[in-house]
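Source file: structure.cif; contents: mmCIF, C-alpha atoms.
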```
data_my_file
#
loop_
_atom_site.label_atom_id
_atom_site.label_comp_id
_atom_site.auth_asym_id
_atom_site.auth_seq_id
_atom_site.Cartn_x
_atom_site.Cartn_y
_atom_site.Cartn_z
CA MET A 12 26.37 59.43 -89.41
CA PRO A 13 28.27 62.68 -89.99
CA PHE A 14 27.22 63.26 -93.57
CA ALA A 15 23.79 63.72 -95.14
CA THR A 16 23.04 63.18 -98.82
CA SER A 17 19.29 63.39 -99.36
CA ALA A 18 16.16 65.42 -98.79
CA SER A 19 12.49 65.30 -99.79
CA PRO A 20 11.73 65.64 -103.52
CA LEU A 21 9.67 68.50 -104.89
CA ALA A 22 8.42 66.75 -107.98
CA SER A 23 7.87 63.06 -108.54
CA PRO A 24 9.71 61.38 -111.44
CA GLY A 25 6.36 61.09 -113.17
CA ASN A 26 5.74 64.83 -113.02
CA LEU A 27 9.17 65.58 -114.41
CA ARG A 28 8.68 63.02 -117.19
CA ALA A 29 5.56 64.89 -118.19
CA ARG A 30 7.82 67.85 -119.02
CA GLU A 31 10.81 65.93 -120.34
CA GLN A 32 10.91 62.27 -121.39
CA ASN A 33 14.50 61.63 -120.33
CA THR A 34 14.07 62.68 -116.70
CA ARG A 35 14.26 59.70 -114.35
CA GLY A 36 15.26 61.35 -111.05
CA ALA A 37 13.51 63.54 -108.52
CA LEU A 38 14.64 67.04 -107.63
CA LEU A 39 15.62 67.43 -104.00
CA ILE A 40 13.36 70.36 -103.19
CA THR A 41 9.94 70.75 -101.61
CA SER A 42 9.05 74.12 -100.12
CA ALA A 43 11.35 76.88 -99.02
CA LYS A 44 11.55 80.55 -98.22
CA GLY A 45 13.37 82.90 -100.54
CA GLY A 46 16.88 84.12 -99.80
CA LYS A 47 17.40 87.43 -98.01
CA ARG A 48 20.41 88.52 -100.02
CA LYS A 49 20.33 90.90 -102.96
CA LYS A 50 20.21 89.17 -106.33
CA ALA A 51 23.54 89.13 -108.11
CA SER A 52 23.65 90.60 -111.59
CA SER A 53 23.74 88.10 -114.44
CA GLY A 54 26.67 89.77 -116.24
CA GLY A 55 27.76 88.80 -119.73
CA GLY A 56 28.69 85.52 -121.33
CA GLY A 57 25.60 84.78 -123.36
CA GLY A 58 23.38 83.71 -120.47
CA LYS A 59 19.62 83.59 -120.91
CA ARG A 60 16.93 84.02 -118.28
CA SER A 61 14.51 81.23 -117.38
CA ASN A 62 11.99 82.12 -114.67
CA ASP A 63 14.18 83.95 -112.15
CA CYS A 64 17.64 82.55 -112.89
CA THR A 65 20.24 82.76 -115.65
CA ILE A 66 21.07 79.68 -117.72
CA VAL A 67 24.68 79.73 -118.88
CA THR A 68 25.27 77.19 -121.66
CA VAL A 69 28.73 75.75 -122.26
CA GLU A 70 30.10 72.92 -124.39
CA GLN A 71 31.16 69.71 -122.67
CA ASP A 72 34.48 69.74 -124.54
CA GLY A 73 35.54 72.93 -122.75
CA SER A 74 35.86 74.97 -125.94
CA ASP A 75 33.94 77.97 -124.56
CA LEU A 76 34.80 78.03 -120.87
CA TRP A 77 35.11 81.83 -121.12
CA ARG A 78 31.34 81.90 -120.73
CA LEU A 79 31.80 80.83 -117.10
CA ALA A 80 33.23 84.24 -116.18
CA THR A 81 29.72 85.47 -115.44
CA VAL A 82 29.21 82.49 -113.11
CA THR A 83 32.27 83.17 -110.98
CA GLU A 84 31.41 86.88 -110.86
CA GLN A 85 27.97 86.04 -109.51
CA LEU A 86 29.48 83.63 -106.97
CA ARG A 87 31.78 86.39 -105.71
CA GLN A 88 28.68 88.54 -105.16
CA GLY A 89 27.03 85.87 -103.02
CA ALA A 90 25.01 84.06 -105.68
CA VAL A 91 23.70 80.51 -105.33
CA GLY A 92 23.62 78.30 -108.42
CA ILE A 93 23.67 74.81 -109.88
CA ILE A 94 26.71 73.48 -111.70
CA PRO A 95 27.57 70.13 -113.28
CA THR A 96 30.07 67.80 -111.66
CA ASP A 97 31.24 64.29 -112.50
CA THR A 98 28.29 62.93 -110.47
CA TYR A 99 25.06 64.72 -109.56
CA PRO A 100 24.66 68.44 -110.24
CA ALA A 101 25.62 70.53 -107.24
CA LEU A 102 23.91 73.44 -105.52
CA VAL A 103 26.82 75.74 -104.76
CA CYS A 104 27.90 79.03 -103.26
CA ASP A 105 31.27 80.60 -102.49
CA VAL A 106 32.99 79.15 -99.41
CA ASN A 107 33.23 82.77 -98.19
CA ALA A 108 29.62 83.63 -99.03
CA PRO A 109 27.54 85.58 -96.48
CA THR A 110 25.11 83.80 -94.19
CA SER A 111 22.17 84.92 -96.36
CA SER A 112 23.57 82.87 -99.27
CA LEU A 113 23.78 79.83 -97.03
CA GLU A 114 20.17 80.38 -96.01
CA THR A 115 19.15 80.48 -99.67
CA LEU A 116 21.02 77.27 -100.48
CA TYR A 117 19.51 75.38 -97.55
CA ALA A 118 16.03 76.74 -98.26
CA ALA A 119 16.21 75.88 -101.97
CA LYS A 120 16.64 72.24 -101.01
CA ASP A 121 14.40 72.43 -97.94
CA MET A 122 17.33 71.02 -96.01
CA SER A 123 17.82 71.23 -92.26
CA PRO A 124 20.70 73.55 -91.32
CA ARG A 125 21.93 70.75 -89.09
CA LYS A 126 22.95 68.84 -92.21
CA PRO A 127 26.43 70.02 -93.20
CA LEU A 128 27.48 71.07 -96.66
CA SER A 129 30.45 69.54 -98.45
CA ILE A 130 33.21 71.48 -100.17
CA LEU A 131 34.27 71.27 -103.81
CA CYS A 132 38.05 71.62 -103.86
CA ARG A 133 40.49 72.80 -106.51
CA GLY A 134 43.10 70.28 -105.44
CA PHE A 135 44.88 68.68 -102.51
CA GLN A 136 46.04 72.05 -101.23
CA ASP A 137 42.42 72.87 -100.38
CA VAL A 138 42.03 69.47 -98.71
CA THR A 139 45.11 70.24 -96.60
CA THR A 140 43.73 73.67 -95.68
CA TYR A 141 40.20 72.71 -94.67
CA THR A 142 40.80 69.22 -93.23
CA LEU A 143 43.35 67.39 -91.11
CA GLY A 144 44.12 65.17 -94.08
CA PHE A 145 43.84 61.45 -94.69
CA PRO A 146 44.53 59.21 -91.69
CA ALA A 147 47.50 56.90 -91.54
CA PRO A 148 46.78 53.22 -92.29
CA SER A 149 45.89 51.23 -89.19
CA VAL A 150 47.53 48.03 -90.45
CA ALA A 151 51.23 47.60 -91.05
CA GLY A 152 52.03 47.18 -94.74
CA GLN A 153 48.79 48.80 -95.89
CA GLU A 154 49.15 51.42 -98.61
CA ASP A 155 49.01 55.01 -97.48
CA TYR A 156 45.50 56.46 -97.92
CA PHE A 157 46.82 59.80 -99.14
CA ARG A 158 48.75 58.09 -101.94
CA LEU A 159 45.63 56.11 -102.86
CA ALA A 160 43.62 59.32 -102.98
CA ARG A 161 46.17 60.99 -105.23
CA ARG A 162 45.84 58.11 -107.69
CA ILE A 163 42.06 58.22 -107.98
CA LEU A 164 41.35 61.95 -107.62
CA PRO A 165 39.95 63.97 -109.19
CA GLY A 166 37.06 61.55 -109.39
CA PRO A 167 33.54 60.62 -108.21
CA TYR A 168 34.26 60.38 -104.48
CA THR A 169 33.23 62.20 -101.34
CA PHE A 170 35.69 61.68 -98.50
CA ILE A 171 34.58 62.56 -94.98
CA LEU A 172 37.66 63.85 -93.19
CA ALA A 173 38.39 65.49 -89.86
CA ALA A 174 37.86 69.24 -90.29
CA SER A 175 40.49 71.85 -89.61
CA LYS A 176 39.93 75.20 -87.93
CA GLN A 177 40.12 76.89 -91.36
CA LEU A 178 36.50 76.09 -92.23
CA PRO A 179 34.67 79.42 -92.49
CA LYS A 180 32.16 80.39 -89.82
CA GLN A 181 29.30 80.11 -92.32
CA VAL A 182 29.99 76.39 -92.63
CA THR A 183 30.05 75.72 -88.92
CA ASP A 184 27.59 78.19 -87.40
CA TYR A 185 24.59 78.45 -89.71
CA ASP A 186 22.20 76.67 -87.33
CA THR A 187 22.93 78.59 -84.13
CA GLY A 188 24.93 81.63 -85.16
CA LYS A 189 27.44 80.77 -82.44
CA ALA A 190 31.08 79.84 -82.84
CA LYS A 191 31.30 76.08 -82.86
CA SER A 192 34.01 73.90 -84.34
CA ARG A 193 32.88 71.38 -86.91
CA LYS A 194 34.51 68.00 -86.48
CA THR A 195 34.11 66.58 -89.99
CA VAL A 196 33.58 67.75 -93.55
CA GLY A 197 32.88 66.00 -96.85
CA VAL A 198 35.40 66.93 -99.54
CA ARG A 199 35.14 66.46 -103.30
CA LEU A 200 37.63 66.88 -106.14
CA PRO A 201 35.35 66.44 -109.17
CA ASP A 202 36.67 65.15 -112.48
CA SER A 203 34.74 67.81 -114.38
CA GLU A 204 36.46 70.35 -116.58
CA ILE A 205 33.56 72.77 -116.18
CA CYS A 206 33.51 72.47 -112.39
CA GLN A 207 37.29 72.80 -112.14
CA ALA A 208 37.26 75.85 -114.42
CA ILE A 209 34.79 77.58 -112.10
CA LEU A 210 36.87 76.69 -109.05
CA ALA A 211 40.08 77.88 -110.71
CA ASP A 212 38.58 81.23 -111.72
CA LEU A 213 37.00 81.75 -108.30
CA ASP A 214 40.34 80.75 -106.75
CA ARG A 215 38.81 79.09 -103.71
CA PRO A 216 36.47 76.18 -102.90
CA LEU A 217 32.70 76.07 -103.17
CA LEU A 218 30.22 74.91 -100.56
CA CYS A 219 27.92 72.34 -102.11
CA SER A 220 25.07 69.90 -101.75
CA SER A 221 23.83 67.49 -104.39
CA ALA A 222 20.76 68.61 -106.31
CA TYR A 223 19.33 65.15 -107.00
CA ALA A 224 18.15 62.08 -105.14
CA GLU A 225 19.35 58.67 -106.24
CA THR A 226 16.36 56.71 -107.54
CA GLU A 227 18.27 54.38 -109.88
CA ASP A 228 21.90 53.46 -110.47
CA THR A 229 22.07 56.07 -113.23
CA PHE A 230 19.66 58.50 -114.82
CA ASP A 231 19.55 61.11 -117.52
CA LEU A 232 19.53 64.62 -116.16
CA PRO A 233 16.64 66.89 -117.18
CA GLU A 234 17.26 69.90 -119.37
CA ALA A 235 18.38 73.10 -117.64
CA ALA A 236 15.05 74.79 -118.33
CA VAL A 237 13.26 71.98 -116.48
CA ILE A 238 15.58 72.35 -113.51
CA ALA A 239 15.09 76.13 -113.57
CA ASP A 240 11.32 75.65 -113.56
CA ALA A 241 11.52 73.30 -110.57
CA TYR A 242 13.65 75.78 -108.63
CA ALA A 243 11.61 78.84 -109.63
CA GLY A 244 11.16 81.28 -106.76
CA ARG A 245 13.78 79.63 -104.57
CA GLY A 246 16.53 82.19 -104.95
CA ILE A 247 18.71 80.27 -107.42
CA ASP A 248 20.67 82.80 -109.49
CA PHE A 249 22.13 80.64 -112.26
CA ILE A 250 22.32 77.17 -113.77
CA VAL A 251 25.28 76.00 -115.83
CA ASP A 252 23.99 73.90 -118.72
CA ALA A 253 26.48 71.49 -120.29
CA GLY A 254 23.96 69.60 -122.39
CA HIS A 255 22.81 66.01 -121.98
CA GLN A 256 24.42 64.15 -119.09
CA VAL A 257 23.93 60.86 -117.29
CA ALA A 258 24.55 61.13 -113.56
CA MET A 259 25.31 58.79 -110.70
CA GLY A 260 26.04 59.59 -107.09
CA SER A 261 29.54 59.79 -105.68
CA THR A 262 30.99 57.03 -103.54
CA ILE A 263 31.03 58.29 -99.96
CA ILE A 264 33.76 57.02 -97.64
CA ASP A 265 34.12 58.04 -94.00
CA MET A 266 37.84 58.41 -93.22
CA THR A 267 37.47 59.69 -89.67
CA SER A 268 37.90 56.38 -87.84
CA ALA A 269 40.67 53.79 -87.67
CA GLU A 270 39.21 51.92 -90.65
CA PRO A 271 37.48 53.59 -93.63
CA VAL A 272 33.72 53.07 -93.65
CA LEU A 273 31.70 52.92 -96.86
CA ILE A 274 28.66 55.17 -96.43
CA ARG A 275 27.37 54.86 -99.99
CA GLN A 276 28.59 52.93 -103.00
CA GLY A 277 28.34 55.20 -105.99
CA LYS A 278 30.20 55.80 -109.22
CA GLY A 279 33.71 55.37 -107.79
CA ALA A 280 35.18 51.99 -106.83
CA SER A 281 35.47 51.64 -103.06
CA GLU A 282 37.85 48.67 -103.01
CA PRO A 283 41.08 50.69 -102.77
CA PHE A 284 39.91 52.00 -99.38
CA VAL A 285 37.34 49.58 -98.01
CA HIS A 286 38.65 46.01 -97.96
CA GLU A 287 39.60 43.09 -95.78
CA THR A 288 42.42 43.51 -93.28
CA VAL A 289 45.80 43.02 -94.92
CA GLU A 290 47.67 39.92 -93.72
CA VAL A 291 51.31 40.66 -92.89
#
```

Take the structure in the file and write it out as structure tokens.
Amino acid sequence: MPFATSASPLASPGNLRAREQNTRGALLITSAKGGKRKKASSGGGGGKRSNDCTIVTVEQDGSDLWRLATVTEQLRQGAVGIIPTDTYPALVCDVNAPTSSLETLYAAKDMSPRKPLSILCRGFQDVTTYTLGFPAPSVAGQEDYFRLARRILPGPYTFILAASKQLPKQVTDYDTGKAKSRKTVGVRLPDSEICQAILADLDRPLLCSSAYAETEDTFDLPEAAVIADAYAGRGIDFIVDAGHQVAMGSTIIDMTSAEPVLIRQGKGASEPFVHETVEV
């Protein structure tokens, strides 16, 4: 399977509940080495420190998105952070970040470098740049997959598409350090005003991996301070706190073969893509 979505948890749900009653999921981190890069400065925007990272608090209604300027500035300097999406929170770094930032992201989650990161995209232009696009329908009369995607995105989906040669070296070569083309990549266009504001200000995609394991259909996310405590010492520079949220994983659909394959049913409906063969 060309896409990985989980890793070992650091803290059991019971341990997290001891610190916050609403926590019902496990953080995807166990043990990891610290990043080699220099810590990015926290900048302005009203952020506060918790352990060794900055917590930047914003309103869910988007009324104070100016506070995110410090986040994008840190990302440009190679920072690794956690931001909200329309599904699970995402561990992210700039798509053009140095290898040391990639090392920090992988280590924070104790994830094998053989497991590829996805990309958070600003729009379909990014999808066109970093992938070979959506495949043509294999059955005559079937609706075009690209048109279907335009109807449902942005939304809670991860589409695995054939990768283009535009993927940065850091995405393809982290494990070996050698030039090697990556055949597939998971792409996301999140329906999150906060996430899209960060992407728009950065003006390029983010590399990402989900920060939570799916233990139930939905669960309340822990407070930012609890997340910061769990990631303490793992090189995370910032956490964007948008208040109380209920999260569910994205629906993952592999679009690299003749017929779409459902990898995981999540928040998004899979029926528009995964269905019985159309009779013509």

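Nearest residue to Gln177 of chain A among A:Leu143, A:Val69, A:Leu200, A:Ile205 is A:Leu143, counting all atoms listed in the file.
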
- Task: Would you work out the distance separating atom CA of Gly260 of chain A from atom CA of Glu154 of chain A, expressed in Å to one decimal?
- Result: 25.9 Å

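Residues matched by the PyMOL selection byres ((chain A and resi 164) around 12) in this file are Asp97, Cys132, Arg133, Gly134, Phe135, Val138, Tyr156, Phe157, Arg158, Leu159, Ala160, Arg161, Arg162, Ile163, Pro165, Gly166, Pro167, Tyr168, Thr169, Phe170, Val198, Arg199, Leu200, Pro201, Asp202, Ser203, Gly279 and Ala280 of chain A.
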
Could you make a table, as a tab-separated table, of the residues of segment 103-207 of chain A that have an atom within 9 Å of an atom of segment 236-258 of chain A, each with its nearest atom pair and distance in Å to one decimal, counting only C-alpha atoms, in chain and number order?
```
residue	atom	partner	partner_atom	distance
A:Thr115	CA	A:Gly246	CA	6.1
A:Leu116	CA	A:Ile247	CA	7.9
A:Ala118	CA	A:Arg245	CA	7.3
A:Ala119	CA	A:Arg245	CA	5.2
A:Lys120	CA	A:Arg245	CA	8.7
A:Ile205	CA	A:Ala253	CA	8.3
```

- Atomic distance atom CA of Ser220 of chain A - atom CA of Val103 of chain A, expressed in Å with one decimal: 6.8 Å
